[in-house]
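Visitor: Take a look at this one; I'll ask things after.
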Amino acid sequence: MKKFIDSLVNAWKIEELKNRILLTLGLLLVYRFGAQVTLPGIDATKLGNLTNQTEQGIGWLINVFTGGAFSQASVFALGIMPYISASIVVQLMGIAIPYLQKLQKDGESGRKKINQITRWLTILITLVQGPGYIYNLYSTLPPDAFLLGFSSFSFLFSSVLILVTGTIFAMWLGEKITDKGIGNGISLLIMVGIIARMPQAFIQEISSRTVQANGGIMMIVLEVVLWFVIIIACILLVMAVRKIPVQYARRTVSGDFEQDMMGSRQFIPLKLNASGVMPIIFAQAIMFIPAAVSGLSKSDAAQSLAGMFNNPFGLVYNIVFALLIIIFTYFYTAITVPTNKMADDLKRSGGFIPGIRPGVETGDYLDKIMSLITFPGSLFLALIAVFPAIAVSLLKVQGAWGYFYGGTSLLIMVGVAIDTIQQINSYLLNKHYDGLMKTGKNRKAVA
């Protein structure tokens with residue numbers, strides 16, 4: 001613990017790092033402040049029905065990602081989610097559209113053009129989602145909650161304009177954090193929104209265990225210990241890699257004598273979970289379709305189906321959810337890990353995998369290894385995704401607190417925290433300080 005505190009003190013001594021941290025915290029504070037500002041024309045004291053709507057299911061998930069802004073009819077009610085949707089669409093379109101494939105290979109200039117396309121697509125998605133959110137308010141809130149009149153065009157137009165502006169501003173905040181702050185800005189905005197909902201969920205759980213005599217303090221301690229175990233499991237999943245040994249031929253020239261020598265052995269790190277949280281997000285989106293479609297019918301079978309897929313803690317829901325995660329893990333890994341390109345780059349740089357011929361055979365070998373490690377990775381990811389349902393069923397925890405026992409929210413928090421710590425470590429190590437996760441003696445800074 002002392003070494004960790006010393007590392008934090010050392011981080012504060014580095015002027016550039018200190019300024020980046022302060023800027024990041026300031027912009028995050030602006031985002032959290034905006035999430036509390038209700039749309040003009042809505043009575044903030046009459047949002048009870050909207051709050052009840054976001055206590056479970058898709059409403060809860062969206063509300064967590066927006067840090068509670070969705071349930072408060074905030075100017076940031078859509079948050080950064082339209083940008084995430086646009087990024088996913090552009091990434092998937094890059095598989096089929098040659099122009100986007102060309103941009104992906106153009107380096108920095110191509111990346112800037114892709115970012116610009118993503119921004120415009122974000123605006124289009126927000127223009128579609130904005131009216132949908134307002135009509136949801138019409139159907140959820142009482143008529144007297146609308147101070148400018150129920151279903152008036154002026155309220156609809158101004159609210160959609162504010163929602164679009166709020167999303168653009170949140171996107172700008174995320175990009176500024178990435179460029180001028182520390183960590184990935186968009187991911188930090190999502191993580192802060194998730195963390196903002198955690199204290200309330202934990203307080204509700206404590207109230208349930210103590211006030212209602214549902215297990216008492218011992219159950220709370222057990223839950224916290226289990227929660228830390230799940231966090232450790234998530235860290236292992238995020239950081240686990242399979243190291244493929246690689247050797248490079250290094251040539252040294254002395255006069256007219258040239259000697260081939262084997263360079264130092266290196267490795268290619270293939271991640272156990274190369275797809276991150278994207279399979280869970282894809283699977284979650286698919287899981288909402290049966291409930292939405294079956295809700296259009298009044299038949300008993302349709303209502304039964306809607307009930308099964310509206311219960312995120314049910315057995316059928318989680319079995320289908322886990323299978324979809326495994327399938328999407330293979331799919332997303334296949335499109336995001338270019339083993340053939342890795343083999344070509346390795347061949348051009350003069351490297352090779354011992355015992356494997358460069359070129360096509362290397363690509364096939366990497367693809368085989370990737371497929372083998374993706375299977376346990378997908379099972380582990382699916383287990384973490386459905387663990388909230390296990391916690392609710394076996395430990396009888398409150399649903400709001402149970403969501404933090406796995407799934408998208410916990411994986412995002414762990415992944416973003418690791419990425420941010422690694423960036424801070426790079427600054428510390430460059431200034432000859434020990435990193436936040438490094439043990440050993442501190443080294444004096446070089447002036």
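Identifiers in the structure tokens: chain A, B, ... in order shown; residue index from 1 per chain; ligand index from 1 in order shown.
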Please identify every residue of stretch 353-410 of chain A that has at least one atom no farther than 10 Å from an atom of stretch 223-226 of chain A, counting only C-alpha atoms, and for each give the shortest atom pair and the distance in Å to one decimal, arranged by chain then increasing number, as a Markdown table.

Guide:
| residue | atom | partner | partner_atom | distance |
| --- | --- | --- | --- | --- |
| A:Ala391 | CA | A:Glu223 | CA | 8.9 |
| A:Leu395 | CA | A:Glu223 | CA | 8.1 |
| A:Val397 | CA | A:Glu223 | CA | 8.4 |
| A:Trp401 | CA | A:Glu223 | CA | 10.0 |
| A:Gly402 | CA | A:Glu223 | CA | 9.7 |
| A:Tyr405 | CA | A:Leu226 | CA | 8.5 |

Visitor: Quick one: residues within 9 Å of A:Met413, only C-alpha atoms, excluding same-chain residues fewer than 6 positions away - as a compact mmCIF listing (two decimals) with N, CA and C atoms, in the first residue's frame?

Guide:
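Wrote part-v9.txt, looks like this:
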# COMPACT_ATOMS: atom_id res chain seq x y z
N SER A 187 -14.59 5.88 -23.22
CA SER A 187 -14.71 4.79 -22.24
C SER A 187 -14.81 5.34 -20.82
N LEU A 188 -14.07 6.41 -20.53
CA LEU A 188 -14.13 7.01 -19.20
C LEU A 188 -15.51 7.60 -18.91
N ILE A 190 -18.34 6.52 -20.08
CA ILE A 190 -19.22 5.39 -19.79
C ILE A 190 -18.95 4.85 -18.39
N MET A 191 -17.66 4.71 -18.04
CA MET A 191 -17.30 4.15 -16.74
C MET A 191 -17.80 5.04 -15.60
N VAL A 192 -17.66 6.36 -15.77
CA VAL A 192 -18.12 7.28 -14.73
C VAL A 192 -19.64 7.17 -14.56
N ILE A 194 -21.42 4.49 -15.07
CA ILE A 194 -21.68 3.22 -14.38
C ILE A 194 -21.39 3.36 -12.89
N ILE A 195 -20.24 3.95 -12.56
CA ILE A 195 -19.86 4.11 -11.16
C ILE A 195 -20.86 5.00 -10.42

Visitor: Calculated over only C-alpha atoms, which of the candidates A:Val416, A:Leu270, A:Leu39, A:Leu124 has the smallest distance to A:Ala86?

Guide: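 Distance minimum relative to A:Ala86 lands on A:Leu124.
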
Visitor: With only C-alpha atoms as the basis for distance, which of A:Gln423, A:Thr38, A:Ser409, A:Asn318 is at the shortest distance from A:Ile390?

Guide: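 The shortest atom-to-atom distance to A:Ile390 comes from A:Asn318.
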
Visitor: Skipping near chain neighbours, those fewer than 2 positions away, what residues fall within 12 Å of A:Ile62 using only C-alpha atoms, listed as a short mmCIF file (atom, residue, chain, number, x, y, z; two decimals) with N, CA and C atoms, in the first residue's frame?

Guide:
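As written to disk, out-v7.cif reads:
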data_model
loop_
_atom_site.label_atom_id
_atom_site.label_comp_id
_atom_site.auth_asym_id
_atom_site.auth_seq_id
_atom_site.Cartn_x
_atom_site.Cartn_y
_atom_site.Cartn_z
N GLN A 53 -39.47 2.86 -14.96
CA GLN A 53 -39.24 2.19 -16.23
C GLN A 53 -37.80 1.74 -16.40
N THR A 54 -36.87 2.42 -15.71
CA THR A 54 -35.44 2.13 -15.88
C THR A 54 -34.87 1.29 -14.74
N GLU A 55 -35.74 0.60 -14.02
CA GLU A 55 -35.25 -0.21 -12.90
C GLU A 55 -34.79 -1.59 -13.33
N GLN A 56 -35.14 -2.02 -14.56
CA GLN A 56 -34.69 -3.32 -15.04
C GLN A 56 -34.74 -3.35 -16.56
N GLY A 57 -34.19 -4.41 -17.13
CA GLY A 57 -34.23 -4.60 -18.58
C GLY A 57 -33.39 -3.59 -19.34
N ILE A 58 -33.82 -3.30 -20.57
CA ILE A 58 -33.06 -2.40 -21.44
C ILE A 58 -33.02 -0.99 -20.86
N GLY A 59 -34.11 -0.58 -20.18
CA GLY A 59 -34.11 0.74 -19.57
C GLY A 59 -33.02 0.88 -18.53
N TRP A 60 -32.82 -0.16 -17.72
CA TRP A 60 -31.77 -0.12 -16.71
C TRP A 60 -30.40 -0.03 -17.36
N VAL A 64 -27.78 3.02 -16.93
CA VAL A 64 -26.45 2.86 -16.36
C VAL A 64 -25.39 3.48 -17.26
N PHE A 65 -25.48 3.23 -18.56
CA PHE A 65 -24.49 3.77 -19.49
C PHE A 65 -24.54 5.30 -19.57
N THR A 66 -25.70 5.89 -19.26
CA THR A 66 -25.81 7.35 -19.29
C THR A 66 -25.65 7.95 -17.90
N GLY A 67 -25.31 7.13 -16.91
CA GLY A 67 -25.08 7.65 -15.56
C GLY A 67 -26.34 8.19 -14.91
N GLY A 68 -27.52 7.63 -15.24
CA GLY A 68 -28.76 8.10 -14.65
C GLY A 68 -29.43 9.21 -15.42
N ALA A 69 -28.78 9.72 -16.48
CA ALA A 69 -29.35 10.83 -17.25
C ALA A 69 -30.62 10.43 -17.98
N PHE A 70 -30.72 9.17 -18.39
CA PHE A 70 -31.90 8.68 -19.12
C PHE A 70 -33.14 8.78 -18.25
N SER A 71 -33.04 8.38 -16.98
CA SER A 71 -34.20 8.38 -16.08
C SER A 71 -34.53 9.76 -15.55
N PHE A 76 -28.35 15.17 -21.38
CA PHE A 76 -27.46 14.09 -21.80
C PHE A 76 -28.18 12.74 -21.73
N ALA A 77 -29.50 12.75 -21.93
CA ALA A 77 -30.29 11.52 -21.76
C ALA A 77 -29.83 10.40 -22.67
N LEU A 78 -29.39 10.73 -23.89
CA LEU A 78 -28.89 9.71 -24.81
C LEU A 78 -27.41 9.43 -24.59
N GLY A 79 -26.75 10.31 -23.84
CA GLY A 79 -25.36 10.09 -23.49
C GLY A 79 -24.47 9.91 -24.70
N ILE A 80 -23.53 9.00 -24.54
CA ILE A 80 -22.56 8.73 -25.59
C ILE A 80 -22.94 7.50 -26.40
N MET A 81 -24.12 6.91 -26.10
CA MET A 81 -24.53 5.67 -26.76
C MET A 81 -24.69 5.80 -28.28
N PRO A 82 -25.23 6.93 -28.82
CA PRO A 82 -25.27 7.04 -30.28
C PRO A 82 -23.89 6.98 -30.93
N TYR A 133 -37.05 9.00 -27.96
CA TYR A 133 -36.98 9.24 -26.52
C TYR A 133 -38.08 10.19 -26.07
N ILE A 190 -18.34 6.52 -20.08
CA ILE A 190 -19.22 5.39 -19.79
C ILE A 190 -18.95 4.85 -18.39
N GLY A 193 -20.35 7.00 -15.67
CA GLY A 193 -21.79 6.82 -15.58
C GLY A 193 -22.17 5.55 -14.83
N ILE A 194 -21.42 4.49 -15.07
CA ILE A 194 -21.68 3.22 -14.38
C ILE A 194 -21.39 3.36 -12.89
N ARG A 197 -23.97 5.02 -10.57
CA ARG A 197 -25.15 4.26 -10.15
C ARG A 197 -24.82 3.25 -9.06
N ILE A 281 -22.52 -6.76 -25.82
CA ILE A 281 -23.37 -5.68 -26.33
C ILE A 281 -24.21 -6.18 -27.50
N GLN A 284 -26.85 -8.58 -26.16
CA GLN A 284 -27.88 -7.84 -25.41
C GLN A 284 -28.86 -7.20 -26.38
N ALA A 285 -28.35 -6.65 -27.48
CA ALA A 285 -29.23 -6.02 -28.47
C ALA A 285 -30.16 -7.05 -29.10
N THR A 408 -21.68 -6.34 -18.86
CA THR A 408 -21.01 -5.25 -19.55
C THR A 408 -20.43 -4.22 -18.59
N SER A 409 -21.21 -3.88 -17.56
CA SER A 409 -20.80 -2.79 -16.67
C SER A 409 -19.48 -3.09 -15.97
#

Visitor: Counting only C-alpha atoms, which of A:Ala170, A:Ile117, A:Leu366, A:Ala44 gets nearest to A:Val246?

Guide: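 Closest to A:Val246, using only C-alpha atoms: A:Leu366.
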
Visitor: How many Å lie between atom CA of A:Phe288 and atom CA of A:Asn311, rounded to one decimal?

Guide: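 The value is 10.6 Å.
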
Visitor: Considering only C-alpha atoms, state which residue in the set A:Val90, A:Val160, A:Ile182, A:Ile335 is at the smallest distance from A:Val75.

Guide: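 Result for the nearest residue to A:Val75: A:Val160.
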
Visitor: By how many Å are atom CA of A:Phe404 and atom CA of A:Met308 apart?

Guide: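 Straight-line distance from atom CA of A:Phe404 to atom CA of A:Met308 works out to 21.6 Å.
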
Visitor: List as an MDAnalysis selection string the protein and nucleic acid residues near A:Pro143, meaning an atom at most 12 Å away when only C-alpha atoms are counted, but skip any in the same chain fewer than 2 places from it.

Guide: chainID A and resid 41:43 46:47 137:141 145:152

Visitor: Save the residues we just selected, N, CA and C atoms, as a PDB file, in the first residue's frame?

Guide:
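Full text of again_13.pdb as output:
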ATOM      1  N   GLY A  41     -38.786  22.544 -20.036  1.00  0.00           N
ATOM      2  CA  GLY A  41     -40.174  22.224 -20.325  1.00  0.00           C
ATOM      3  C   GLY A  41     -40.691  20.993 -19.629  1.00  0.00           C
ATOM      4  N   ILE A  42     -39.846  20.325 -18.810  1.00  0.00           N
ATOM      5  CA  ILE A  42     -40.269  19.127 -18.085  1.00  0.00           C
ATOM      6  C   ILE A  42     -40.156  19.383 -16.590  1.00  0.00           C
ATOM      7  N   ASP A  43     -41.196  19.015 -15.860  1.00  0.00           N
ATOM      8  CA  ASP A  43     -41.199  19.161 -14.411  1.00  0.00           C
ATOM      9  C   ASP A  43     -40.376  18.029 -13.796  1.00  0.00           C
ATOM     10  N   LYS A  46     -41.797  15.211 -11.407  1.00  0.00           N
ATOM     11  CA  LYS A  46     -42.816  14.243 -11.850  1.00  0.00           C
ATOM     12  C   LYS A  46     -42.223  13.207 -12.801  1.00  0.00           C
ATOM     13  N   LEU A  47     -41.032  12.745 -12.468  1.00  0.00           N
ATOM     14  CA  LEU A  47     -40.347  11.758 -13.303  1.00  0.00           C
ATOM     15  C   LEU A  47     -40.398  10.354 -12.695  1.00  0.00           C
ATOM     16  N   LEU A 137     -41.249   9.663 -23.463  1.00  0.00           N
ATOM     17  CA  LEU A 137     -41.669  10.535 -22.365  1.00  0.00           C
ATOM     18  C   LEU A 137     -43.164  10.813 -22.423  1.00  0.00           C
ATOM     19  N   TYR A 138     -43.681  11.017 -23.646  1.00  0.00           N
ATOM     20  CA  TYR A 138     -45.117  11.257 -23.794  1.00  0.00           C
ATOM     21  C   TYR A 138     -45.942  10.099 -23.237  1.00  0.00           C
ATOM     22  N   SER A 139     -45.477   8.871 -23.490  1.00  0.00           N
ATOM     23  CA  SER A 139     -46.237   7.688 -23.077  1.00  0.00           C
ATOM     24  C   SER A 139     -46.000   7.310 -21.621  1.00  0.00           C
ATOM     25  N   THR A 140     -44.957   7.865 -21.007  1.00  0.00           N
ATOM     26  CA  THR A 140     -44.588   7.468 -19.644  1.00  0.00           C
ATOM     27  C   THR A 140     -44.989   8.496 -18.600  1.00  0.00           C
ATOM     28  N   LEU A 141     -44.754   9.767 -18.887  1.00  0.00           N
ATOM     29  CA  LEU A 141     -44.999  10.821 -17.889  1.00  0.00           C
ATOM     30  C   LEU A 141     -46.442  11.314 -17.963  1.00  0.00           C
ATOM     31  N   ALA A 145     -46.643  16.965 -16.507  1.00  0.00           N
ATOM     32  CA  ALA A 145     -45.188  17.034 -16.378  1.00  0.00           C
ATOM     33  C   ALA A 145     -44.574  17.897 -17.473  1.00  0.00           C
ATOM     34  N   PHE A 146     -45.370  18.190 -18.532  1.00  0.00           N
ATOM     35  CA  PHE A 146     -44.863  18.976 -19.654  1.00  0.00           C
ATOM     36  C   PHE A 146     -45.333  20.412 -19.489  1.00  0.00           C
ATOM     37  N   LEU A 147     -44.419  21.278 -19.124  1.00  0.00           N
ATOM     38  CA  LEU A 147     -44.751  22.661 -18.801  1.00  0.00           C
ATOM     39  C   LEU A 147     -45.097  23.474 -20.043  1.00  0.00           C
ATOM     40  N   LEU A 148     -44.599  23.048 -21.207  1.00  0.00           N
ATOM     41  CA  LEU A 148     -44.876  23.781 -22.453  1.00  0.00           C
ATOM     42  C   LEU A 148     -46.067  23.211 -23.207  1.00  0.00           C
ATOM     43  N   GLY A 149     -46.764  22.284 -22.575  1.00  0.00           N
ATOM     44  CA  GLY A 149     -47.904  21.675 -23.243  1.00  0.00           C
ATOM     45  C   GLY A 149     -47.591  20.263 -23.689  1.00  0.00           C
ATOM     46  N   PHE A 150     -48.583  19.401 -23.590  1.00  0.00           N
ATOM     47  CA  PHE A 150     -48.396  17.992 -23.935  1.00  0.00           C
ATOM     48  C   PHE A 150     -48.363  17.831 -25.460  1.00  0.00           C
ATOM     49  N   SER A 151     -47.316  17.169 -25.949  1.00  0.00           N
ATOM     50  CA  SER A 151     -47.169  16.847 -27.381  1.00  0.00           C
ATOM     51  C   SER A 151     -47.095  18.093 -28.262  1.00  0.00           C
ATOM     52  N   SER A 152     -46.635  19.213 -27.755  1.00  0.00           N
ATOM     53  CA  SER A 152     -46.503  20.410 -28.580  1.00  0.00           C
ATOM     54  C   SER A 152     -45.275  20.292 -29.485  1.00  0.00           C
TER      55      SER A 152
END

Visitor: Using only C-alpha atoms for the distances, tell me which of A:Leu346, A:Ile327, A:Ile220, A:Ile244 is nearest to A:Phe282.

Guide: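 Counting only C-alpha atoms, the residue closest to A:Phe282 is A:Ile327.
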
Visitor: If you run DSSP on this backbone, which residues of stretch 102-219 of chain A come out as helix (DSSP H, G or I), and could you give them as a VMD selection string?

Guide: chain A and resid 102 to 104 108 to 140 143 to 145 153 to 180 185 to 210 216 to 219

Visitor: Pick from A:Tyr248, A:Trp12, A:Phe169, A:Phe380: nearest to A:Pro358, with only C-alpha atoms counted?

Guide: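 Looking at the shortest contact to A:Pro358, the residue is A:Tyr248.
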
Visitor: To one decimal place in Å, what is the distance between atom CA of A:Gly377 and atom CA of A:Asn273?

Guide: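 Calculated distance between atom CA of A:Gly377 and atom CA of A:Asn273 is 5.4 Å.
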
Visitor: Quick one: residues within 10 Å of A:Ala334, only C-alpha atoms, excluding same-chain residues fewer than 5 positions away - as a ChimeraX atom specification?

Guide: /A:274-275,328-329,339,367,370-371,374

Visitor: Find the residues near A:Trp172: any atom within 12 Å, counting only C-alpha atoms, skip ones fewer than 6 places away on the same chain, and give them as a PyMOL selection string.

Guide: chain A and resi 27-28+30-31+79-80+83+115+119+122+165-166+178-180+185-186+189

Visitor: Store the residues picked out above, limited to all heavy atoms, as a short mmCIF file (atom, residue, chain, number, x, y, z; two decimals), in the first residue's frame.

Guide:
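Below is the file that was written, again_1.cif:
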data_model
loop_
_atom_site.label_atom_id
_atom_site.label_comp_id
_atom_site.auth_asym_id
_atom_site.auth_seq_id
_atom_site.Cartn_x
_atom_site.Cartn_y
_atom_site.Cartn_z
N LEU A 27 -13.25 17.67 -16.93
CA LEU A 27 -14.20 17.38 -18.00
C LEU A 27 -15.22 16.32 -17.58
O LEU A 27 -16.39 16.38 -17.96
CB LEU A 27 -13.44 16.93 -19.26
CG LEU A 27 -12.55 17.99 -19.91
CD1 LEU A 27 -11.85 17.43 -21.13
CD2 LEU A 27 -13.37 19.22 -20.30
N LEU A 28 -14.77 15.35 -16.78
CA LEU A 28 -15.72 14.35 -16.26
C LEU A 28 -16.74 15.00 -15.33
O LEU A 28 -17.92 14.63 -15.33
CB LEU A 28 -14.96 13.25 -15.52
CG LEU A 28 -14.10 12.31 -16.38
CD1 LEU A 28 -13.35 11.32 -15.49
CD2 LEU A 28 -14.94 11.56 -17.40
N VAL A 30 -17.82 18.08 -15.58
CA VAL A 30 -18.76 18.79 -16.46
C VAL A 30 -19.80 17.83 -17.00
O VAL A 30 -21.01 18.14 -17.04
CB VAL A 30 -17.99 19.47 -17.62
CG1 VAL A 30 -18.97 20.01 -18.66
CG2 VAL A 30 -17.12 20.60 -17.09
N TYR A 31 -19.36 16.64 -17.40
CA TYR A 31 -20.29 15.64 -17.93
C TYR A 31 -21.30 15.21 -16.87
O TYR A 31 -22.50 15.08 -17.15
CB TYR A 31 -19.50 14.44 -18.45
CG TYR A 31 -20.37 13.33 -19.01
CD1 TYR A 31 -21.03 13.49 -20.22
CD2 TYR A 31 -20.53 12.13 -18.32
CE1 TYR A 31 -21.83 12.49 -20.75
CE2 TYR A 31 -21.32 11.12 -18.83
CZ TYR A 31 -21.96 11.30 -20.04
OH TYR A 31 -22.76 10.30 -20.55
N GLY A 79 -26.75 10.31 -23.84
CA GLY A 79 -25.36 10.09 -23.49
C GLY A 79 -24.47 9.91 -24.70
O GLY A 79 -24.64 10.55 -25.75
N ILE A 80 -23.53 9.00 -24.54
CA ILE A 80 -22.56 8.73 -25.59
C ILE A 80 -22.94 7.50 -26.40
O ILE A 80 -22.20 7.09 -27.31
CB ILE A 80 -21.16 8.54 -24.93
CG1 ILE A 80 -20.05 8.87 -25.93
CG2 ILE A 80 -21.01 7.15 -24.34
CD1 ILE A 80 -19.98 10.33 -26.31
N TYR A 83 -22.89 7.54 -30.25
CA TYR A 83 -21.52 7.47 -30.78
C TYR A 83 -21.00 6.04 -30.76
O TYR A 83 -20.35 5.61 -31.72
CB TYR A 83 -20.60 8.38 -29.95
CG TYR A 83 -19.17 8.38 -30.41
CD1 TYR A 83 -18.77 9.16 -31.48
CD2 TYR A 83 -18.21 7.58 -29.79
CE1 TYR A 83 -17.46 9.17 -31.92
CE2 TYR A 83 -16.89 7.57 -30.21
CZ TYR A 83 -16.53 8.37 -31.28
OH TYR A 83 -15.22 8.35 -31.71
N ASN A 115 -13.05 8.86 -38.36
CA ASN A 115 -13.62 9.56 -37.20
C ASN A 115 -14.67 10.57 -37.63
O ASN A 115 -15.70 10.73 -36.96
CB ASN A 115 -12.52 10.25 -36.40
CG ASN A 115 -11.66 9.27 -35.62
OD1 ASN A 115 -12.05 8.12 -35.39
ND2 ASN A 115 -10.47 9.70 -35.23
N ARG A 119 -18.63 10.66 -36.67
CA ARG A 119 -19.31 11.81 -36.05
C ARG A 119 -20.62 12.13 -36.78
O ARG A 119 -21.66 12.37 -36.14
CB ARG A 119 -18.38 13.03 -36.06
CG ARG A 119 -17.13 12.88 -35.19
CD ARG A 119 -16.38 14.19 -35.13
NE ARG A 119 -15.09 14.05 -34.48
CZ ARG A 119 -13.93 14.04 -35.11
NH1 ARG A 119 -13.89 14.18 -36.43
NH2 ARG A 119 -12.78 13.90 -34.44
N THR A 122 -23.14 9.58 -36.02
CA THR A 122 -23.64 9.78 -34.65
C THR A 122 -24.79 10.78 -34.65
O THR A 122 -25.81 10.58 -33.98
CB THR A 122 -22.51 10.29 -33.74
OG1 THR A 122 -21.46 9.32 -33.70
CG2 THR A 122 -23.02 10.55 -32.34
N THR A 165 -27.52 18.10 -29.45
CA THR A 165 -26.41 18.93 -28.98
C THR A 165 -25.72 18.30 -27.79
O THR A 165 -24.48 18.33 -27.68
CB THR A 165 -26.92 20.34 -28.61
OG1 THR A 165 -27.62 20.90 -29.71
CG2 THR A 165 -25.77 21.24 -28.22
N GLY A 166 -26.50 17.72 -26.88
CA GLY A 166 -25.92 17.06 -25.71
C GLY A 166 -25.03 15.89 -26.08
O GLY A 166 -23.94 15.71 -25.52
N THR A 178 -9.32 12.17 -24.47
CA THR A 178 -8.36 11.29 -25.14
C THR A 178 -7.14 12.06 -25.61
O THR A 178 -6.00 11.59 -25.47
CB THR A 178 -9.03 10.58 -26.34
OG1 THR A 178 -10.16 9.84 -25.87
CG2 THR A 178 -8.05 9.64 -27.02
N ASP A 179 -7.35 13.26 -26.17
CA ASP A 179 -6.25 14.04 -26.74
C ASP A 179 -5.43 14.78 -25.68
O ASP A 179 -4.20 14.77 -25.72
CB ASP A 179 -6.79 15.06 -27.76
CG ASP A 179 -7.40 14.39 -28.97
OD1 ASP A 179 -7.05 13.22 -29.23
OD2 ASP A 179 -8.23 15.02 -29.64
N LYS A 180 -6.10 15.40 -24.72
CA LYS A 180 -5.43 16.28 -23.77
C LYS A 180 -5.36 15.72 -22.35
O LYS A 180 -4.61 16.24 -21.52
CB LYS A 180 -6.12 17.65 -23.73
CG LYS A 180 -6.28 18.32 -25.07
CD LYS A 180 -4.94 18.72 -25.66
CE LYS A 180 -5.14 19.51 -26.97
NZ LYS A 180 -3.83 19.90 -27.57
N GLY A 185 -11.21 8.72 -23.58
CA GLY A 185 -12.26 9.61 -23.11
C GLY A 185 -13.65 9.01 -23.16
O GLY A 185 -14.42 9.09 -22.19
N ILE A 186 -14.02 8.40 -24.29
CA ILE A 186 -15.36 7.83 -24.44
C ILE A 186 -15.58 6.74 -23.40
O ILE A 186 -16.63 6.67 -22.75
CB ILE A 186 -15.55 7.27 -25.86
CG1 ILE A 186 -15.34 8.36 -26.92
CG2 ILE A 186 -16.93 6.65 -25.99
CD1 ILE A 186 -16.31 9.50 -26.82
N LEU A 189 -16.13 8.22 -19.92
CA LEU A 189 -17.47 8.76 -19.73
C LEU A 189 -18.46 7.66 -19.39
O LEU A 189 -19.33 7.82 -18.52
CB LEU A 189 -17.93 9.50 -20.99
CG LEU A 189 -17.18 10.79 -21.36
CD1 LEU A 189 -17.77 11.40 -22.63
CD2 LEU A 189 -17.23 11.80 -20.23
#

Visitor: A:Ser393: which residues within 10 Å, counting only C-alpha atoms, same-chain residues fewer than 4 positions away excluded, as an MDAnalysis selection string?

Guide: chainID A and resid 313:315 387:389 397:399 402

Visitor: Would you save the residues of that selection, restricted to N, CA and C atoms, as a CSV table (one decimal), in the first residue's frame?

Guide:
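Dumped to part.csv:
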chain,number,residue,atom,x,y,z
A,313,PHE,N,-33.0,-12.1,-15.4
A,313,PHE,CA,-32.5,-13.1,-14.4
A,313,PHE,C,-33.1,-14.5,-14.5
A,314,GLY,N,-33.9,-14.6,-15.6
A,314,GLY,CA,-34.5,-15.9,-15.8
A,314,GLY,C,-33.6,-17.0,-16.4
A,315,LEU,N,-33.9,-18.3,-16.3
A,315,LEU,CA,-33.1,-19.3,-16.8
A,315,LEU,C,-33.0,-19.3,-18.4
A,387,PHE,N,-23.4,-14.0,-14.7
A,387,PHE,CA,-23.2,-14.2,-13.2
A,387,PHE,C,-24.1,-13.3,-12.4
A,388,PRO,N,-24.6,-12.1,-12.9
A,388,PRO,CA,-25.6,-11.3,-12.2
A,388,PRO,C,-26.8,-12.2,-11.9
A,389,ALA,N,-27.3,-12.9,-12.9
A,389,ALA,CA,-28.4,-13.8,-12.6
A,389,ALA,C,-28.2,-14.9,-11.6
A,397,VAL,N,-29.5,-11.3,-3.9
A,397,VAL,CA,-29.2,-9.9,-3.9
A,397,VAL,C,-30.2,-9.1,-4.6
A,398,GLN,N,-30.3,-7.8,-4.4
A,398,GLN,CA,-31.1,-6.9,-5.1
A,398,GLN,C,-30.7,-6.8,-6.6
A,399,GLY,N,-31.7,-6.7,-7.5
A,399,GLY,CA,-31.4,-6.7,-8.9
A,399,GLY,C,-30.4,-5.6,-9.3
A,402,GLY,N,-27.1,-6.6,-8.2
A,402,GLY,CA,-26.7,-7.8,-8.9
A,402,GLY,C,-26.1,-7.6,-10.2

Visitor: Taking the DSSP secondary structure from the backbone, can you list the residues of stretch 106-348 of chain A that are strand (DSSP E), as a PyMOL selection string?

Guide: chain A and resi 241-254+257-262+266-271
